[in-house]
Every structure is written in C-alpha cells, then in structure tokens.
file query-v5.txt (compact mmCIF, C-alpha atoms)
# COMPACT_ATOMS: atom_id res chain seq x y z
CA MET A 17 -36.15 52.45 7.00
CA GLU A 18 -35.77 48.70 6.65
CA LYS A 19 -32.40 47.06 6.19
CA ALA A 20 -31.85 45.55 2.73
CA ILE A 21 -31.82 41.79 2.65
CA SER A 22 -28.87 40.27 0.84
CA SER A 23 -29.68 37.80 -1.91
CA VAL A 24 -28.69 34.15 -1.43
CA PHE A 25 -27.28 34.17 -4.96
CA GLN A 26 -25.07 36.96 -6.33
CA LEU A 27 -22.96 37.68 -9.39
CA LYS A 28 -19.60 38.91 -8.13
CA GLY A 29 -17.89 39.44 -11.47
CA PHE A 30 -17.94 38.87 -15.19
CA PHE A 31 -14.78 38.34 -17.23
CA ILE A 32 -13.97 37.73 -20.89
CA GLU A 33 -11.22 35.09 -20.91
CA GLU A 34 -10.77 34.70 -24.68
CA THR A 35 -12.03 36.27 -27.90
CA HIS A 36 -11.48 34.99 -31.42
CA ILE A 37 -13.04 36.60 -34.46
CA LYS A 38 -12.50 35.99 -38.17
CA ILE A 39 -14.18 37.98 -40.93
CA LYS A 40 -13.51 37.30 -44.59
CA GLY A 41 -15.69 37.91 -47.60
CA ASN A 42 -19.42 38.46 -47.47
CA ILE A 43 -21.23 37.69 -44.25
CA PHE A 44 -24.36 35.62 -44.55
CA GLU A 45 -27.29 36.45 -42.33
CA ASP A 46 -28.05 32.87 -41.33
CA LEU A 47 -25.75 32.48 -38.32
CA GLU A 48 -25.35 29.37 -36.18
CA LEU A 49 -25.05 29.83 -32.42
CA ASN A 50 -23.55 27.25 -30.06
CA ILE A 51 -23.30 27.70 -26.28
CA GLN A 52 -21.34 25.31 -24.07
CA PRO A 53 -21.58 25.79 -20.29
CA GLU A 54 -19.24 24.36 -17.66
CA GLY A 55 -18.38 25.27 -14.11
CA ILE A 56 -16.34 24.83 -10.99
CA HIS A 57 -18.01 24.67 -7.59
CA TYR A 58 -15.70 25.80 -4.77
CA GLN A 59 -17.45 24.19 -1.82
CA SER A 60 -15.41 25.70 1.02
CA ASP A 61 -15.93 29.28 -0.23
CA HIS A 62 -19.51 28.79 -1.47
CA LYS A 63 -18.44 30.12 -4.87
CA PHE A 64 -19.18 29.01 -8.37
CA HIS A 65 -17.40 29.93 -11.59
CA LEU A 66 -19.61 29.50 -14.63
CA ARG A 67 -17.78 29.44 -17.96
CA LEU A 68 -19.72 29.87 -21.19
CA THR A 69 -18.10 29.20 -24.54
CA VAL A 70 -20.18 30.97 -27.17
CA SER A 71 -19.48 30.25 -30.84
CA ILE A 72 -21.11 31.94 -33.82
CA LYS A 73 -20.47 31.23 -37.49
CA ASP A 74 -22.13 31.57 -40.84
CA LYS A 75 -22.68 28.67 -43.23
CA GLU A 76 -19.80 29.65 -45.52
CA ASP A 77 -17.26 30.21 -42.71
CA SER A 78 -16.93 33.84 -43.78
CA PHE A 79 -17.58 34.84 -40.19
CA THR A 80 -16.60 32.99 -37.03
CA CYS A 81 -16.54 34.32 -33.51
CA GLN A 82 -15.82 32.53 -30.26
CA ILE A 83 -16.04 34.09 -26.82
CA ILE A 84 -15.11 32.34 -23.58
CA CYS A 85 -16.42 34.16 -20.55
CA ARG A 86 -16.62 33.47 -16.85
CA GLY A 87 -19.16 34.59 -14.31
CA GLU A 88 -18.21 34.37 -10.65
CA PHE A 89 -21.09 33.75 -8.26
CA THR A 90 -21.55 33.30 -4.53
CA PHE A 91 -24.51 31.58 -2.94
CA LYS A 92 -25.70 30.38 0.42
CA PRO A 93 -25.51 26.62 0.14
CA ASP A 94 -28.08 24.04 1.02
CA GLY A 95 -25.58 21.54 2.38
CA ASP A 96 -22.86 20.77 -0.16
CA ILE A 97 -25.17 20.87 -3.16
CA ILE A 98 -25.75 23.63 -5.66
CA PRO A 99 -29.33 24.95 -5.51
CA GLU A 100 -31.47 23.84 -8.47
CA TYR A 101 -32.36 27.41 -9.46
CA PHE A 102 -28.68 28.12 -10.07
CA TYR A 103 -28.47 25.99 -13.22
CA ILE A 104 -31.02 28.10 -15.05
CA ASN A 105 -30.46 31.50 -13.44
CA ALA A 106 -26.65 31.73 -13.64
CA PRO A 107 -26.42 31.42 -17.46
CA ALA A 108 -29.41 33.76 -17.82
CA ILE A 109 -27.66 36.37 -15.66
CA ILE A 110 -24.37 36.45 -17.57
CA PHE A 111 -25.67 35.94 -21.12
CA PRO A 112 -26.76 39.59 -21.60
CA TYR A 113 -23.13 40.59 -21.01
CA VAL A 114 -22.04 38.14 -23.71
CA ARG A 115 -24.67 39.48 -26.13
CA ALA A 116 -23.56 43.07 -25.53
CA TYR A 117 -19.88 42.17 -25.90
CA ILE A 118 -20.40 40.37 -29.22
CA SER A 119 -22.57 43.18 -30.56
CA THR A 120 -19.98 45.81 -29.63
CA LEU A 121 -17.06 43.73 -30.91
CA THR A 122 -18.64 43.13 -34.31
CA ASN A 123 -19.90 46.71 -34.57
CA LEU A 124 -16.37 48.06 -33.98
CA SER A 125 -14.73 45.56 -36.35
CA THR A 126 -15.27 47.91 -39.35
CA ALA A 127 -16.78 45.01 -41.30
CA GLY A 128 -19.97 47.00 -41.84
CA PHE A 129 -22.26 44.88 -39.71
CA SER A 130 -23.12 44.10 -36.12
CA VAL A 131 -24.17 40.71 -34.78
CA THR A 132 -27.10 40.96 -32.41
CA ILE A 133 -27.90 37.68 -30.71
CA PRO A 134 -31.60 37.45 -29.85
CA THR A 135 -32.70 36.90 -26.29
CA LEU A 136 -32.82 33.20 -25.54
CA ARG A 137 -34.36 30.87 -23.02
CA MET A 138 -31.24 29.74 -21.18
CA ASP A 139 -32.18 26.20 -20.18
CA PHE A 140 -28.82 24.49 -19.75
CA LYS A 141 -29.78 22.71 -16.54
CA GLU A 142 -28.89 19.13 -17.46
CA GLN A 143 -26.00 20.09 -19.71
CA LEU A 144 -24.45 22.26 -16.97
CA LYS A 145 -24.96 19.65 -14.25
CA ASP A 146 -22.88 17.20 -16.30
CA LYS A 147 -20.02 19.70 -16.71
CA ILE A 148 -19.37 20.80 -13.11
CA LYS A 149 -16.13 20.12 -11.29
CA VAL A 150 -16.14 20.26 -7.51
CA GLU A 151 -13.21 21.60 -5.54
CA GLU A 152 -12.88 21.90 -1.79

call {"tool": "encode", "arguments": {"input": "query-v5.txt", "output": "structure tokens"}}
result
Amino acid sequence: MEKAISSVFQLKGFFIEETHIKIKGNIFEDLELNIQPEGIHYQSDHKFHLRLTVSIKDKEDSFTCQIICRGEFTFKPDGDIIPEYFYINAPAIIFPYVRAYISTLTNLSTAGFSVTIPTLRMDFKEQLKDKIKVEE
C-alpha cells in the first residue's frame, strides 16, 4: 500500500465571523449578490486567512443578508510568494460552505423561503491580490 501524498495546499478550517439578516415585507426574487475577498498571508507559518464578505439583497431592501467568513489555509510556499493557483482555488473551496450556510439560515428563518445561491465561477484573482496583507 502506497503512502498518501499530502497536498501542497490545504483548508484547515472554515469559520463564520459575522451574520446579519433582515427580512421585512415581501421578498423579491431578483437578488443582488456581492462578494468581497481579502486576506492575510502569514509568511513565517506558511498560512493564509481568506475572508469573504458576501452580501445579498433584493431591489426593494425587503431582504438583506451579509455573511463574513474566514477560511484558513496552509500551503508549501514557492519562496515568499503565494502560488498563483491559490487566488482562484481558495475562494472556490470555501464558497460552497457559504452557499450552504446562507441556504440553511434563510430556510430556518421562518420567512417561508430559502435563498439558494447558484454555483459561480470564482475568479477573484486580481481583486484578491490587491487586498492581501502580509505579516511575518
């Protein structure tokens, strides 16, 4: 039996830091979704914390929801730089957790509906690169 090879890039944890939800009146189906990524690269530990702020609202402000979540990753560095694949893969790895959380939260809210965010192409490469802080 061969020994399993450890991945160079791993999700170590997923955490919901904040949740805000407001439901009043009728909910309109046409929802707007906004995702803002940012991160902290801990160079000495080869760790990265990716924070996604996900906001959803309808046109009439009858429904608003904001989730701030954090994914904690480790990776084998290539020098002191973050590997290019990280910028696309990290958001894509934690977004299904966000989708499930929002769906469950809205389903349990007793408002009579559930918000299901469709699967998305998570291309935040340039946006995420501009929002990374580096710590030793």

call {"tool": "residues_around", "arguments": {"input": "query-v5.txt", "residues": "His57 of chain A", "least_positions_apart": "2", "cutoff": "10 Å", "atoms": "all atoms listed in the file", "output": "MDAnalysis selection string"}}
result
chainID A and resid 55 59:66 89:90 96:98 148:152

call {"tool": "atom_distance", "arguments": {"input": "query-v5.txt", "atom1": "atom CA of Gln143 of chain A", "atom2": "atom CA of Ile72 of chain A"}}
result
19.1 Å

call {"tool": "atom_distance", "arguments": {"input": "query-v5.txt", "atom1": "atom CA of Val114 of chain A", "atom2": "atom CA of Asn42 of chain A"}}
result
23.9 Å

call {"tool": "closest_residue", "arguments": {"input": "query-v5.txt", "among": "A:Leu121, A:Ala20, A:Leu27, A:Val70", "to": "Ile109 of chain A", "atoms": "only C-alpha atoms"}}
result
A:Leu27

call {"tool": "atom_distance", "arguments": {"input": "query-v5.txt", "atom1": "atom CA of Val24 of chain A", "atom2": "atom CA of Phe91 of chain A"}}
result
5.1 Å

call {"tool": "closest_residue", "arguments": {"input": "query-v5.txt", "among": "A:Phe30, A:Lys147, A:Glu18, A:Lys38", "to": "Lys73 of chain A", "atoms": "only C-alpha atoms"}}
result
A:Lys38

call {"tool": "closest_residue", "arguments": {"input": "query-v5.txt", "among": "A:Gly87, A:Pro112, A:Gly128, A:Pro53", "to": "Lys141 of chain A", "atoms": "all atoms listed in the file"}}
result
A:Pro53

call {"tool": "closest_residue", "arguments": {"input": "query-v5.txt", "among": "A:Lys92, A:Arg67, A:Lys75, A:Arg86", "to": "Phe25 of chain A", "atoms": "all atoms listed in the file"}}
result
A:Lys92

call {"tool": "closest_residue", "arguments": {"input": "query-v5.txt", "among": "A:Asp139, A:Leu68, A:Ala127, A:Ala106", "to": "Phe31 of chain A", "atoms": "all atoms listed in the file"}}
result
A:Leu68

call {"tool": "build_atoms", "arguments": {"input": "query-v5.txt", "residues": "segment 133-145 of chain A", "atoms": "N, CA and C atoms", "output": "PDB file, in the coordinates of the input"}}
result
ATOM      1  N   ILE A 133     -27.333  38.969 -31.082  1.00  0.00           N
ATOM      2  CA  ILE A 133     -27.900  37.680 -30.710  1.00  0.00           C
ATOM      3  C   ILE A 133     -29.255  37.940 -30.062  1.00  0.00           C
ATOM      4  N   PRO A 134     -30.287  37.235 -30.476  1.00  0.00           N
ATOM      5  CA  PRO A 134     -31.600  37.450 -29.850  1.00  0.00           C
ATOM      6  C   PRO A 134     -31.600  36.942 -28.402  1.00  0.00           C
ATOM      7  N   THR A 135     -32.557  37.427 -27.644  1.00  0.00           N
ATOM      8  CA  THR A 135     -32.700  36.900 -26.290  1.00  0.00           C
ATOM      9  C   THR A 135     -33.100  35.436 -26.402  1.00  0.00           C
ATOM     10  N   LEU A 136     -32.602  34.641 -25.493  1.00  0.00           N
ATOM     11  CA  LEU A 136     -32.820  33.200 -25.540  1.00  0.00           C
ATOM     12  C   LEU A 136     -33.311  32.681 -24.204  1.00  0.00           C
ATOM     13  N   ARG A 137     -34.010  31.588 -24.245  1.00  0.00           N
ATOM     14  CA  ARG A 137     -34.360  30.870 -23.020  1.00  0.00           C
ATOM     15  C   ARG A 137     -33.136  30.039 -22.662  1.00  0.00           C
ATOM     16  N   MET A 138     -32.519  30.346 -21.555  1.00  0.00           N
ATOM     17  CA  MET A 138     -31.240  29.740 -21.180  1.00  0.00           C
ATOM     18  C   MET A 138     -31.470  28.493 -20.324  1.00  0.00           C
ATOM     19  N   ASP A 139     -31.931  27.436 -20.921  1.00  0.00           N
ATOM     20  CA  ASP A 139     -32.180  26.200 -20.180  1.00  0.00           C
ATOM     21  C   ASP A 139     -31.035  25.214 -20.428  1.00  0.00           C
ATOM     22  N   PHE A 140     -29.982  25.363 -19.652  1.00  0.00           N
ATOM     23  CA  PHE A 140     -28.820  24.490 -19.750  1.00  0.00           C
ATOM     24  C   PHE A 140     -28.698  23.612 -18.502  1.00  0.00           C
ATOM     25  N   LYS A 141     -29.802  23.398 -17.825  1.00  0.00           N
ATOM     26  CA  LYS A 141     -29.780  22.710 -16.540  1.00  0.00           C
ATOM     27  C   LYS A 141     -29.057  21.364 -16.593  1.00  0.00           C
ATOM     28  N   GLU A 142     -29.502  20.461 -17.424  1.00  0.00           N
ATOM     29  CA  GLU A 142     -28.890  19.130 -17.460  1.00  0.00           C
ATOM     30  C   GLU A 142     -27.492  19.165 -18.051  1.00  0.00           C
ATOM     31  N   GLN A 143     -27.307  19.973 -19.075  1.00  0.00           N
ATOM     32  CA  GLN A 143     -26.000  20.090 -19.710  1.00  0.00           C
ATOM     33  C   GLN A 143     -24.964  20.651 -18.718  1.00  0.00           C
ATOM     34  N   LEU A 144     -25.356  21.661 -17.941  1.00  0.00           N
ATOM     35  CA  LEU A 144     -24.450  22.260 -16.970  1.00  0.00           C
ATOM     36  C   LEU A 144     -24.163  21.312 -15.814  1.00  0.00           C
ATOM     37  N   LYS A 145     -25.167  20.600 -15.347  1.00  0.00           N
ATOM     38  CA  LYS A 145     -24.960  19.650 -14.250  1.00  0.00           C
ATOM     39  C   LYS A 145     -23.895  18.608 -14.598  1.00  0.00           C
TER      40      LYS A 145
END
